[in-house]
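*Asks:* Pasting a structure here, questions to come.
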Amino acid sequence: MSSDNNADGGASRSDALAALARARDELARGSVERGWDACLIAAGIGRELGDAGLVIDAATLIPGPQLGSHHMTTARQAVCLEALGMLDPGESARRRRLESYLAGLSGGWTETPAVTAVPLTDEQADSLILELRAAHAAAMAPERLAERLEIATRLRDTARAAHRDDDTAWGMLWRLDALALYGRRIELNADFIELVGVIRRLDSPQWHWRVATIRSALALLDDYIDDVPPLTAEAARLGADAGVEEVWFIDLILRSALARRTGEGLPGIEEEVRHALADAPFLAQGWRAGLLIALGSIDDALEIWRALAPHVDEVPLTAMEWLLAATTHAELSIVAHDRPAAAHLYEMLSPHGHLHVMPTVMTPYGGAVALYLGDLAAFLGRSASARTHYEAALSSSQDMHAPAFSRRAREAIARLGPPTSPRSPLSPLSPREAEVAELVGAGMTNREVAHRLFLSERTVENHVSNILQRLGLPNRAAVAAWVSRQHPA
């Protein structure tokens, strides 16, 4: 047992017991949050003193899951895991108590973290975390998104087991980025609640800024327009107080997206963006061109496009902004009536029709890629493909709870008019294979195709295999290109 006094003159065991007593008082008054704050103080003292009993008492003082306190669950789980790591191998009764408490803590709303049987040493944790960070940086291309999500999950779990709150938060943030690109809104919000819990425990000014920025971006996604300015201002204040250098740039990105959505303050925003891009790569000028279009300065926007058009392939695939740049270029090519560029961008984006445009969850949502594919197909005269893309965009926008983009998809479908009589099948495919090929060409996954056509995923897999064999094509991207050629302008 640790001595009552910290040898360095810091907090003592008596201070921790006093904090636990305050926690009980707060719980008796009905304040779970203030009770948990006091538990965190006691756990911190226990950590400093190496007193596993104090950490266990702090971790388990609040009984089970609490209604309305989901944001604290992850932090409570983290303290439980920390306490488990402090136990000696022979303390089986305490271990069973903690594992039982941990298993019942999620209440079904959060994942129950795996308990590491043999904890990593600090050196092993450092090495693995460094390896995962490098792997994540190398997996930024859209086609490696599944790998990115897996890496982020491994980083979160490894760091959590090693009691590295900062690395745990990075793993969670990277998961949020991947979930946003997939459009998996339910998981995204659940993970965000977990991140808030970790940041509450970490209490880092930089992370408080990141969380506030995510709240602002999600408010814009949800179309809660009146909430965005105060949330963005609060995020900017927190970032400035924390000394975050990039805060002004992220703030400008958010305010720029809000201005485009509402039409308010566009001239001032365009001027800010123009100055901000003075030292940026020229390919970033697509951002300003979009604002100029919103302002009605079409000629100025087209001047930028003429300079950008020959270089659309030069945006690095590993840049997190690749989808944003490609969809921005798609918009510009249509405004410029640049059919060759539009056809090329359609081919570039087709393999990613199941994804969404959101470089990071800290930046504004830009809609489903399918929406831009629909715009390109409509411009190129491929009305059947356009309808398929727009319908996919409407479905995925609704799943993402992106009302502004759901409206855009509905309006686009309405502009196409009523569907024409059923198309003849795409020879040499059967009618059902032709349907599957069209949806694959629209960028849908097998699961999405199965959902649309009321088929099993295995049946869709068989159809895709038959399509590849009949057409002599190597992969889904080639199917998308083939379908595109069946609907020439």
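Ordering of the structure tokens sets the chain letters (A, B, ...); residue numbers start at 1 within each chain; ligands are numbered from 1 in the order shown.
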Name all residues at most 8 Å from Leu61 in chain A (count only C-alpha atoms; drop same-chain ones fewer than 3 positions away) and give them as a compact mmCIF listing (two decimals) with N, CA, C and O atoms, in the first residue's frame.
*Replies:*
# COMPACT_ATOMS: atom_id res chain seq x y z
N ARG A 24 -19.26 10.95 -3.95
CA ARG A 24 -20.46 10.33 -3.39
C ARG A 24 -21.51 11.39 -3.07
O ARG A 24 -22.72 11.19 -3.31
N CYS A 39 -14.20 11.82 -9.21
CA CYS A 39 -13.58 10.50 -9.38
C CYS A 39 -12.28 10.61 -10.18
O CYS A 39 -11.29 9.92 -9.89
N ASP A 57 -11.39 2.19 -6.96
CA ASP A 57 -12.52 2.84 -6.29
C ASP A 57 -13.07 3.98 -7.13
O ASP A 57 -14.29 4.17 -7.22
N ALA A 58 -12.17 4.75 -7.74
CA ALA A 58 -12.61 5.87 -8.59
C ALA A 58 -13.33 5.35 -9.83
O ALA A 58 -14.34 5.91 -10.26
*Asks:* Each residue of range 321-399 of chain A lying at most 12 Å from range 137-151 of chain A should get a row with its shortest atom-to-atom pair and the distance in Å to one decimal, counting only C-alpha atoms; could you produce that, ordered by chain and increasing number, as a tab-separated table?
*Replies:*
residue	atom	partner	partner_atom	distance
A:Glu321	CA	A:Met140	CA	9.6
A:Trp322	CA	A:Ala141	CA	7.9
A:Leu323	CA	A:Pro142	CA	7.8
A:Leu324	CA	A:Pro142	CA	11.2
A:Ala326	CA	A:Pro142	CA	11.7
A:Met348	CA	A:Pro142	CA	11.4
A:Leu349	CA	A:Pro142	CA	10.2
A:Ser350	CA	A:Glu143	CA	11.7
A:Pro351	CA	A:Glu143	CA	8.3
A:His352	CA	A:Pro142	CA	7.3
A:Gly353	CA	A:Pro142	CA	10.8
A:His354	CA	A:Pro142	CA	10.7
A:Leu355	CA	A:Pro142	CA	8.5
A:His356	CA	A:Pro142	CA	10.3
A:Val357	CA	A:Pro142	CA	10.5
A:Met358	CA	A:Pro142	CA	11.5
A:Pro359	CA	A:Met140	CA	10.1
A:Thr360	CA	A:Met140	CA	11.3
A:Val369	CA	A:Pro142	CA	11.6
*Asks:* Pick the closest to Gly35 in chain A from A:Ser14, A:Thr60, A:Asn466, A:Thr363: which is it, counting only C-alpha atoms?
*Replies:* A:Thr60
*Asks:* Looking at only C-alpha atoms, which of A:Tyr224, A:Phe249, A:Leu258, A:Met362 is the one that sits closest to Leu173 in chain A?
*Replies:*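 Using only C-alpha atoms, Leu173 in chain A sits closest to A:Met362.
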*Asks:* Taking only C-alpha atoms into account, which of A:Ala442, A:Ala125, A:Met320, A:Leu371 comes nearest Ala178 in chain A?
*Replies:*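 Among the listed residues, the smallest separation from Ala178 in chain A belongs to A:Met320.
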*Asks:* Residues at most 10 Å from His344 in chain A, counting only C-alpha atoms, excluding those fewer than 5 positions away in the same chain, as an mmCIF file with N, CA, C and O atoms, in the first residue's frame?
*Replies:*
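Result written to around.cif:
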data_model
loop_
_atom_site.group_PDB
_atom_site.id
_atom_site.type_symbol
_atom_site.label_atom_id
_atom_site.label_comp_id
_atom_site.auth_asym_id
_atom_site.auth_seq_id
_atom_site.Cartn_x
_atom_site.Cartn_y
_atom_site.Cartn_z
ATOM 1 N N VAL A 312 -5.730 18.519 -63.610
ATOM 2 C CA VAL A 312 -6.621 17.880 -62.628
ATOM 3 C C VAL A 312 -6.079 16.542 -62.138
ATOM 4 O O VAL A 312 -6.419 16.087 -61.041
ATOM 5 N N ASP A 313 -5.219 15.896 -62.954
ATOM 6 C CA ASP A 313 -4.653 14.611 -62.544
ATOM 7 C C ASP A 313 -3.482 14.775 -61.576
ATOM 8 O O ASP A 313 -2.946 13.771 -61.085
ATOM 9 N N ALA A 330 -15.149 18.909 -60.929
ATOM 10 C CA ALA A 330 -16.339 18.473 -61.667
ATOM 11 C C ALA A 330 -17.326 19.628 -61.820
ATOM 12 O O ALA A 330 -17.868 19.859 -62.920
ATOM 13 N N ARG A 339 -16.624 19.578 -71.916
ATOM 14 C CA ARG A 339 -17.060 18.189 -71.990
ATOM 15 C C ARG A 339 -15.907 17.186 -71.853
ATOM 16 O O ARG A 339 -16.056 16.174 -71.150
ATOM 17 N N LEU A 349 -13.985 9.738 -60.847
ATOM 18 C CA LEU A 349 -14.820 9.654 -59.646
ATOM 19 C C LEU A 349 -15.664 8.388 -59.579
ATOM 20 O O LEU A 349 -16.112 7.997 -58.488
ATOM 21 N N LEU A 376 -22.367 15.262 -63.522
ATOM 22 C CA LEU A 376 -21.527 15.039 -64.702
ATOM 23 C C LEU A 376 -22.268 14.229 -65.758
ATOM 24 O O LEU A 376 -22.220 14.556 -66.955
#
*Asks:* CA of Met72 in chain A and CA of Gly197 in chain A are how many Å apart?
*Replies:*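 Interatomic distance, CA of Met72 in chain A to CA of Gly197 in chain A: 4.7 Å.
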*Asks:* Do a neighbour search on Ala52 in chain A at 7 Å with only C-alpha atoms, toss out local chain neighbours closer than 6 positions, and write the hits as a list of chain:residue names.
*Replies:*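 Here the qualifying residues turn out to be A:Gly46, A:Ala83, A:Met86, A:Leu87.
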*Asks:* Output the selection as a PDB file, in the first residue's frame - N, CA, C and O atoms for each residue.
*Replies:*
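Once written, again10.pdb looks like this:
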ATOM      1  N   GLY A  46      -4.353   8.441  -7.404  1.00  0.00           N
ATOM      2  CA  GLY A  46      -3.997   7.035  -7.314  1.00  0.00           C
ATOM      3  C   GLY A  46      -2.931   6.653  -8.326  1.00  0.00           C
ATOM      4  O   GLY A  46      -2.018   5.866  -8.032  1.00  0.00           O
ATOM      5  N   ALA A  83      -6.860   0.645 -14.274  1.00  0.00           N
ATOM      6  CA  ALA A  83      -6.824  -0.052 -12.986  1.00  0.00           C
ATOM      7  C   ALA A  83      -6.463  -1.520 -13.181  1.00  0.00           C
ATOM      8  O   ALA A  83      -5.678  -2.096 -12.405  1.00  0.00           O
ATOM      9  N   MET A  86      -2.849  -2.055 -13.472  1.00  0.00           N
ATOM     10  CA  MET A  86      -2.066  -1.825 -12.255  1.00  0.00           C
ATOM     11  C   MET A  86      -2.113  -3.015 -11.299  1.00  0.00           C
ATOM     12  O   MET A  86      -1.350  -3.071 -10.331  1.00  0.00           O
ATOM     13  N   LEU A  87      -3.014  -3.968 -11.551  1.00  0.00           N
ATOM     14  CA  LEU A  87      -3.174  -5.089 -10.628  1.00  0.00           C
ATOM     15  C   LEU A  87      -2.049  -6.107 -10.780  1.00  0.00           C
ATOM     16  O   LEU A  87      -1.558  -6.368 -11.881  1.00  0.00           O
TER      17      LEU A  87
END
*Asks:* Counting only C-alpha atoms, what is within 12 Å of Ala240 in chain A, bar same-chain residues fewer than 2 positions away, as a ChimeraX atom specification?
*Replies:* /A:205-206,208-210,233-238,242-251
*Asks:* From the options A:Glu91, A:Leu81, A:Trp174, A:Leu473, which residue's atoms come nearest to Leu188 in chain A, counting only C-alpha atoms?
*Replies:*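 Checking each candidate against Leu188 in chain A, we get A:Trp174 as the closest.
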*Asks:* Please give the complete set of residues from range 41-222 of chain A that DSSP, run on the backbone, assigns to helix (DSSP H, G or I), formatted as a PyMOL selection string.
*Replies:* chain A and resi 41-49+52-60+70-86+92-103+122-137+142-161+165-182+185-202+205-221
*Asks:* Would you pick out the contacts of range 398-402 of chain A at 9 Å or less, using only C-alpha atoms, so that residues sharing its chain but fewer than 2 positions from it are not included, and give the list as a list in words?
*Replies:*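 Near range 398-402 of chain A, the qualifying residues are Ala180, Gly183, Arg184, Arg185, Ile186, Leu220, Leu221, Asp222, Asp223, Tyr365, Gly367, Ala393, Leu394, Ser395, Ser396, Ala404, Phe405, Ser406 and Arg407 of chain A.
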*Asks:* At a cut-off of 8 Å, using only C-alpha atoms, what residues contact Leu266 in chain A? Leave out same-chain residues fewer than 3 positions from it and give the result as an NGL selection string.
*Replies:* :A and (256 or 259-260 or 263 or 269-270 or 291 or 294-295)
*Asks:* Give the answer as one residue: which of A:Gly53, A:Pro63, A:Gly472, A:Gly85 has the shortest atom-to-atom distance to Tyr101 in chain A, using only C-alpha atoms?
*Replies:*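 The closest residue to Tyr101 in chain A is A:Pro63.
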*Asks:* So, counting only C-alpha atoms, which residue among A:Thr213, A:Thr327, A:Thr262, A:Asn189 is closest to Gly290 in chain A?
*Replies:* A:Thr327
